[in-house]
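Colleague: I have a structure I would like to understand better, so I am pasting it below and will then ask my questions one at a time.
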Amino acid sequence: FINSLLEKKLNKLNFLFDSDKLLIFLSFKRIFGFISVLLVVIFSYLSLPYFYNTNNLVNKIKNQLSKNLNFNFTINNDFTYNFFPKPHFVFKENKFYNNKKTFADVERIKIYISFKHLFSIDNIKIDNVILDNVNFNLNKKNHNFFTKLLNNNFSNFNFEINDSNIFYKNIENDVLFINKINQLKYYFDSKDQKNTLLANCEIFNLPYIIELKDDINKKTLISKINFEFLNLKVINELSYKNLYKDGFIKFIYNKDISEGKYEIEKNFFNFIYLDKSLDKNFKYEGTINFIPFFSEIFGDLKKIDLNKILSFDSIL
């Protein structure tokens, strides 16, 4: 009985090694049929959002964006759906608001949806949000828009801005400067457990890379700016736990290092700035009053290069 049972099992295994029988089993019709059924299932699954109710879909996405990003905006009901490389919706001609005033015109928003939640519009989940060609109009009232975004929870999704511009304006609505955003990304850094902004930008045609982190526990904003073409790095730590703000800043130029401490009150800016290189050359401290404007600066200087001070390009 045992021998006959083993023989049957071996016969079944022999089928796998019998090339003629294997070719018959894996015939073209069977393979084609299997692939066709598989493709139909995949495309049907990925095309599910085409059958959603448009108004419900837009409301669900808008509510989830408002909850995750915590600012007001409008998205157009006229959208397209693509399932390559991942399922996502594309909304065109959108606007962001602050106190009922438009501060950003968005040409295109791409919203990527989780595969797991495609079946149910009620459980739809956003994985990634990408803004393309945005014109931000910032001023004294909303200048902290990008830093405020760090207060949101980016552990569940990423937020990106590409090929955009920041127009910073004064009270008279004149443009003071334009900051070009090549690529900007918000994400949650799992290593140090902090929300992070990483951006590749240009200002006055000068390229720079900035990394911004918000330490919620210490209530400290940490920024690192890298001007690679100048070989200059600027590291700043700003504490916002008190009514007045105080910070620490470090400049690294080649091998030269200088550091400063400062305090910012309503109308005052106090600072101490000194050379931390091996061959120390200067130390300054002072106060700047903004309204009415006046300043008092004093310190020690080891040496002065008169050629630079009296040259045609000197700031003096």
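Each chain of the structure tokens is named A, B, ... in the order shown, its residues numbered from 1; ligands are numbered from 1 in display order.
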Determine, counting only C-alpha atoms, which protein, DNA and RNA residues have an atom within 7 Å of an atom of segment 243-252 of chain A; residues of the same chain fewer than 6 positions away are not included. Present the result as a list in words.
Modeller: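 Counting only the stated atoms, we get Leu232, Lys233, Val234, Ile235, Asn236, Glu237, Ser258, Glu259, Gly260, Lys261, Tyr262, Glu263, Ile264 and Glu265 of chain A.
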Colleague: Take the residues just selected and output them with C-alpha atoms as a tab-separated table (two decimals), in the first residue's frame.
Modeller:
chain	number	residue	atom	x	y	z
A	232	LEU	CA	28.83	78.98	2.64
A	233	LYS	CA	26.51	77.30	5.19
A	234	VAL	CA	24.19	79.08	7.60
A	235	ILE	CA	22.74	77.17	10.59
A	236	ASN	CA	20.09	78.83	12.72
A	237	GLU	CA	18.13	77.73	15.81
A	258	SER	CA	31.48	82.76	13.12
A	259	GLU	CA	28.62	82.55	15.60
A	260	GLY	CA	25.98	84.84	17.00
A	261	LYS	CA	23.23	84.99	19.61
A	262	TYR	CA	20.21	87.24	19.24
A	263	GLU	CA	16.88	88.25	20.77
A	264	ILE	CA	13.85	89.54	18.89
A	265	GLU	CA	11.24	91.56	20.75
Colleague: So that I can check the surroundings of Ile291 of chain A, please list as a PDB file with C-alpha atoms, in the first residue's frame every protein, DNA and RNA residue that reaches within 12 Å of it, counting only C-alpha atoms and ignoring chain neighbours fewer than 4 positions away.
Modeller:
ATOM      1  CA  GLU A 265      11.244  91.556  20.749  1.00  0.00           C
ATOM      2  CA  LYS A 266       8.379  93.628  19.369  1.00  0.00           C
ATOM      3  CA  ASN A 267      10.538  96.524  18.132  1.00  0.00           C
ATOM      4  CA  PHE A 268      14.041  95.472  19.152  1.00  0.00           C
ATOM      5  CA  PHE A 269      16.742  93.204  17.783  1.00  0.00           C
ATOM      6  CA  SER A 295      20.915 101.294  15.995  1.00  0.00           C
TER       7      SER A 295
END
Colleague: Which neighbours of Asn99 of chain A fall inside 12 Å, counting only C-alpha atoms, when residues of the same chain fewer than 4 positions from it are skipped, and could you give them as a JSON list (two decimals) with N, CA, C and O atoms, in the first residue's frame?
Modeller:
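Contents of around-v6.json, as written:
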[["chain", "number", "residue", "atom", "x", "y", "z"],
["A", 71, "PHE", "N", -5.31, 74.67, 6.14],
["A", 71, "PHE", "CA", -5.54, 75.99, 5.55],
["A", 71, "PHE", "C", -6.67, 75.88, 4.53],
["A", 71, "PHE", "O", -7.04, 74.79, 4.10],
["A", 72, "ASN", "N", -7.23, 77.02, 4.14],
["A", 72, "ASN", "CA", -8.39, 77.04, 3.27],
["A", 72, "ASN", "C", -7.99, 77.07, 1.80],
["A", 72, "ASN", "O", -7.01, 77.73, 1.43],
["A", 73, "PHE", "N", -8.76, 76.39, 0.98],
["A", 73, "PHE", "CA", -8.48, 76.34, -0.46],
["A", 73, "PHE", "C", -9.72, 75.89, -1.21],
["A", 73, "PHE", "O", -10.69, 75.40, -0.62],
["A", 103, "PHE", "N", -4.06, 83.96, -1.69],
["A", 103, "PHE", "CA", -2.62, 84.22, -1.60],
["A", 103, "PHE", "C", -1.81, 83.26, -2.47],
["A", 103, "PHE", "O", -0.59, 83.37, -2.54],
["A", 141, "LYS", "N", 1.70, 89.70, 6.71],
["A", 141, "LYS", "CA", 0.63, 89.01, 7.43],
["A", 141, "LYS", "C", 0.70, 87.49, 7.28],
["A", 141, "LYS", "O", 0.28, 86.75, 8.16],
["A", 142, "ASN", "N", 1.19, 87.01, 6.14],
["A", 142, "ASN", "CA", 1.19, 85.55, 5.90],
["A", 142, "ASN", "C", 2.57, 85.01, 5.55],
["A", 142, "ASN", "O", 2.69, 83.95, 4.95]]
Colleague: Pick from A:Ser190, A:Leu198, A:Asn139, A:His88: nearest to Asp174 of chain A, with only C-alpha atoms counted?
Modeller: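 Checking each of A:Ser190, A:Leu198, A:Asn139, A:His88 against Asp174 of chain A, counting only C-alpha atoms, the winner is A:Asn139.
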Colleague: Between atom CA of Lys62 of chain A and atom CA of Asn151 of chain A, what is the distance, to one decimal in Å?
Modeller: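 Here the two named atoms are 18.9 Å from each other.
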Colleague: With distances taken over only C-alpha atoms, which of A:Thr74, A:Ser164, A:Thr147, A:Asn152 is nearest to Asn98 of chain A?
Modeller: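 Closest to Asn98 of chain A, using only C-alpha atoms: A:Thr74.
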Colleague: Residues of segment 124-191 of chain A classed as strand (DSSP E or B) by DSSP on the backbone are to be reported as number ranges by chain.
Modeller: A: 126-138, 158-169, 175-189
Colleague: Considering only C-alpha atoms, return as a ChimeraX atom specification whatever protein or nucleic-acid residues lie within 12 Å of segment 91-95 of chain A, sequence-local ones (same chain, fewer than 4 positions apart) excluded.
Modeller: /A:58,61-62,71-82,100-112,129-137
Colleague: Using backbone DSSP assignments, extract all helix (DSSP H, G or I) residues from segment 58-172 of chain A; output them as a list of chain:residue names.
Modeller: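 Residues meeting the helix (DSSP H, G or I) criterion: A:Val58, A:Asn59, A:Lys60, A:Ile61, A:Lys62, A:Asn63, A:Gln64, A:Leu65, A:Ser66, A:Lys67, A:Asn68, A:Leu69, A:Phe115, A:Lys116, A:His117, A:Ile121, A:Asp122, A:Asn123, A:Phe145, A:Phe146, A:Thr147, A:Lys148, A:Leu149, A:Leu150, A:Asn151.
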Colleague: Now that the selection is made, can you save its residues with C-alpha atoms as a PDB file, in the first residue's frame?
Modeller:
ATOM      1  CA  VAL A  58     -14.200  66.173  -4.242  1.00  0.00           C
ATOM      2  CA  ASN A  59     -15.684  66.772  -0.784  1.00  0.00           C
ATOM      3  CA  LYS A  60     -13.854  63.778   0.692  1.00  0.00           C
ATOM      4  CA  ILE A  61     -10.516  64.914  -0.772  1.00  0.00           C
ATOM      5  CA  LYS A  62     -11.092  68.523   0.266  1.00  0.00           C
ATOM      6  CA  ASN A  63     -11.979  67.537   3.841  1.00  0.00           C
ATOM      7  CA  GLN A  64      -8.936  65.319   4.146  1.00  0.00           C
ATOM      8  CA  LEU A  65      -6.620  67.995   2.732  1.00  0.00           C
ATOM      9  CA  SER A  66      -8.056  70.604   5.108  1.00  0.00           C
ATOM     10  CA  LYS A  67      -7.538  68.265   8.029  1.00  0.00           C
ATOM     11  CA  ASN A  68      -3.958  67.391   7.045  1.00  0.00           C
ATOM     12  CA  LEU A  69      -2.742  70.828   5.906  1.00  0.00           C
ATOM     13  CA  PHE A 115      -4.162  51.237  -3.155  1.00  0.00           C
ATOM     14  CA  LYS A 116      -5.787  49.761  -0.057  1.00  0.00           C
ATOM     15  CA  HIS A 117      -8.637  52.268  -0.028  1.00  0.00           C
ATOM     16  CA  ILE A 121     -14.892  56.374  -1.289  1.00  0.00           C
ATOM     17  CA  ASP A 122     -15.744  56.719   2.420  1.00  0.00           C
ATOM     18  CA  ASN A 123     -12.340  55.319   3.415  1.00  0.00           C
ATOM     19  CA  PHE A 145       2.913  80.130   5.733  1.00  0.00           C
ATOM     20  CA  PHE A 146       5.688  77.614   5.005  1.00  0.00           C
ATOM     21  CA  THR A 147       6.852  77.338   8.619  1.00  0.00           C
ATOM     22  CA  LYS A 148       3.269  76.937   9.906  1.00  0.00           C
ATOM     23  CA  LEU A 149       2.867  73.916   7.630  1.00  0.00           C
ATOM     24  CA  LEU A 150       5.471  72.127   9.758  1.00  0.00           C
ATOM     25  CA  ASN A 151       2.892  71.948  12.559  1.00  0.00           C
TER      26      ASN A 151
END
Colleague: Using only C-alpha atoms for the distances, tell me which of A:Phe227, A:Phe96, A:Ile166, A:Phe159 is nearest to Lys180 of chain A.
Modeller: A:Ile166
Colleague: What lies within 12 Å of Lys255 of chain A using only C-alpha atoms, ignoring chain neighbours under 5 positions off, as a list in words?
Modeller: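 My reading of the contact set: Asn231, Leu232, Lys233, Asp275, Lys276, Ser277, Leu278 and Asp279 of chain A.
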Colleague: Mind giving me the straight-line distance from atom CA of Asp127 of chain A to atom CA of Thr196 of chain A in Å, one decimal?
Modeller: 16.8 Å
Colleague: I want to know what sits within 6 Å of Tyr187 of chain A, based on only C-alpha atoms, with residues of the same chain fewer than 5 positions away left out; could you give that as a ChimeraX atom specification?
Modeller: /A:154,158,195-196
Colleague: Could you tell me how far atom CA of Ile113 of chain A sits from atom CA of Lys86 of chain A, in Å to one decimal place?
Modeller: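 Answer for the atom CA of Lys86 of chain A to atom CA of Ile113 of chain A separation: 7.9 Å.
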